[in-house]
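J.: Sharing a structure here in structure tokens format.
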Amino acid sequence: MQTELDTLIVALYVQVDDLFIELGVRQGPGRPPRLTDSELVSLAVAQVLLGCNSERRWLRLASGRLGHLFPYLPQPPAYNKRLRAAARLLAHALRHLAGLTPSWWDQLRLLDSTPLPCGASRETAKRSELVGWANYGYCASHSRFFWGLRLHLLTTPDGAVAAWCLADPKIGDREVARAMLEHSSIRPGLLILADKGYAGREFEAFVRQLGATLIRPDRRDEPHLWGSLGWMRQRIESVNDTLKGQLGLEEHGGRTHAGVTVRVAQRLLALTAGVWHNWLIDAPCKRSLVAYDH
């Protein structure tokens, strides 16, 4: 198999089409749409990989770049409506591809959160449909305040997404992580690598109850246990950098609950699909998306 976007989209379509048939998943009542659910998911992943945040501009580009793979492309309003209702489809595809990735069976998981800005003005914070979910938060790594959400991620070492959620940035990382891990499949013996923000006896005891072990950098007021773990923590930062730098996480453009959720899921699925396909073709760097962005 070749390392190119067309090959990835075809392989992804085959996987999700078989998955949706097996699960009996079909989006909406009535006669089958001209653009199938499998095609919709594949098209959504291609949109993110090619860096088109505008759906109107994306459909113009897709007609010329991917018209040979998609015989029918909807108009922008129809595509937007279908996409906003496709969160469940993207979630099914994300779980499926992550489970097919060989690194799924790795004993290490990376746990972290990153800011997800949803607006930059006071008027947005007052009038947005996200009021009540989004809030003001502080990003210590960039020394800045933001209005929006925090994206909490549990990934494999190469970036395949094992679990994720969006939460109010004023809610503590440990509280959100506990709820996320309770609803995730945690195998006994897993090592969960996190940062100092997850330090706490109750949270560490909770992780042990799941049969896993929390690994984090030592705090200054603690005896030496794990050390600084800088070289391992860099893996987490590189996953976040891929989401923001290559997949446009902070330029998601969502303005409603459904819009934000599905646009974040799009990017997480694109990252996981790239990792899965790179394993499939034995690419040297499993998280590299360079071959798929043109």
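Starting from 1 in every chain, residues are counted up; chains themselves are A, B, ... following the order of the structure tokens, and ligands are numbered from 1 as listed.
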Please give the complete set of residues from stretch 158-237 of chain A that DSSP, run on the backbone, assigns to alpha helix (DSSP H), formatted as a PyMOL selection string.
T.: chain A and resi 173-182+201-209+230-237
J.: With only C-alpha atoms as the basis for distance, which of A:His224, A:Asp282, A:Leu191, A:His277 is at the shortest distance from A:Leu108?
T.: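 Looking only at the distances to A:Leu108, the closest residue turns out to be A:Leu191.
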J.: Identify which of the residues A:Leu66, A:Ala265, A:Ala134, A:Ser121 lies closest to A:Trp164, counting only C-alpha atoms when measuring atom-to-atom distances.
T.: A:Ala265
J.: Looking at only C-alpha atoms, which of A:Ala86, A:Ala93, A:Val264, A:Ala283 is the one that sits closest to A:Leu151?
T.: A:Val264
J.: Might you pull out every residue within 8 Å of A:Asp195, with only C-alpha atoms counted and same-chain residues fewer than 5 positions away left off, and present them as a PyMOL selection string?
T.: chain A and resi 111-112+216-217+233
J.: Leaving out A:Leu5 and any residue of its chain fewer than 2 positions from it, which residues lie within 7 Å of it when counting only C-alpha atoms, given as JSON, numbers by chain?
T.: {"A": [7, 8, 9, 291, 292]}
J.: Convert the current residue selection to file output with C-alpha atoms, as a short mmCIF file (atom, residue, chain, number, x, y, z; two decimals), in the first residue's frame.
T.:
```cif
data_model
loop_
_atom_site.label_atom_id
_atom_site.label_comp_id
_atom_site.auth_asym_id
_atom_site.auth_seq_id
_atom_site.Cartn_x
_atom_site.Cartn_y
_atom_site.Cartn_z
CA THR A 7 -5.09 5.16 -0.24
CA LEU A 8 -5.89 6.20 3.33
CA ILE A 9 -9.42 7.33 2.41
CA ALA A 291 1.96 12.23 3.27
CA TYR A 292 -1.78 12.91 3.64
#
```
J.: At a cut-off of 12 Å, using only C-alpha atoms, what residues contact A:Asp106? Leave out same-chain residues fewer than 6 positions from it and give the result as number ranges by chain.
T.: A: 98-99, 155-160, 162, 186-192
J.: Name the closest residue to A:Arg220 among the candidates A:Val275, A:Leu268, A:Met232, A:Ala199; distances are taken between atoms, counting only C-alpha atoms.
T.: A:Ala199
J.: What does the structure give for the distance between atom CA of A:Leu153 and atom CA of A:Ala194, in Å to one decimal?
T.: 10.5 Å
J.: Per residue of stretch 108-164 of chain A within 9 Å of stretch 245-253 of chain A, record the nearest atom pair and its distance in Å to one decimal, counting only C-alpha atoms, with rows in chain order and ascending residue number, as JSON lines.
T.:
```
{"residue": "A:Pro115", "atom": "CA", "partner": "A:Glu250", "partner_atom": "CA", "distance": 8.4}
{"residue": "A:Leu116", "atom": "CA", "partner": "A:Glu250", "partner_atom": "CA", "distance": 6.0}
{"residue": "A:Pro117", "atom": "CA", "partner": "A:Glu250", "partner_atom": "CA", "distance": 6.2}
{"residue": "A:Cys118", "atom": "CA", "partner": "A:Gly253", "partner_atom": "CA", "distance": 7.7}
```
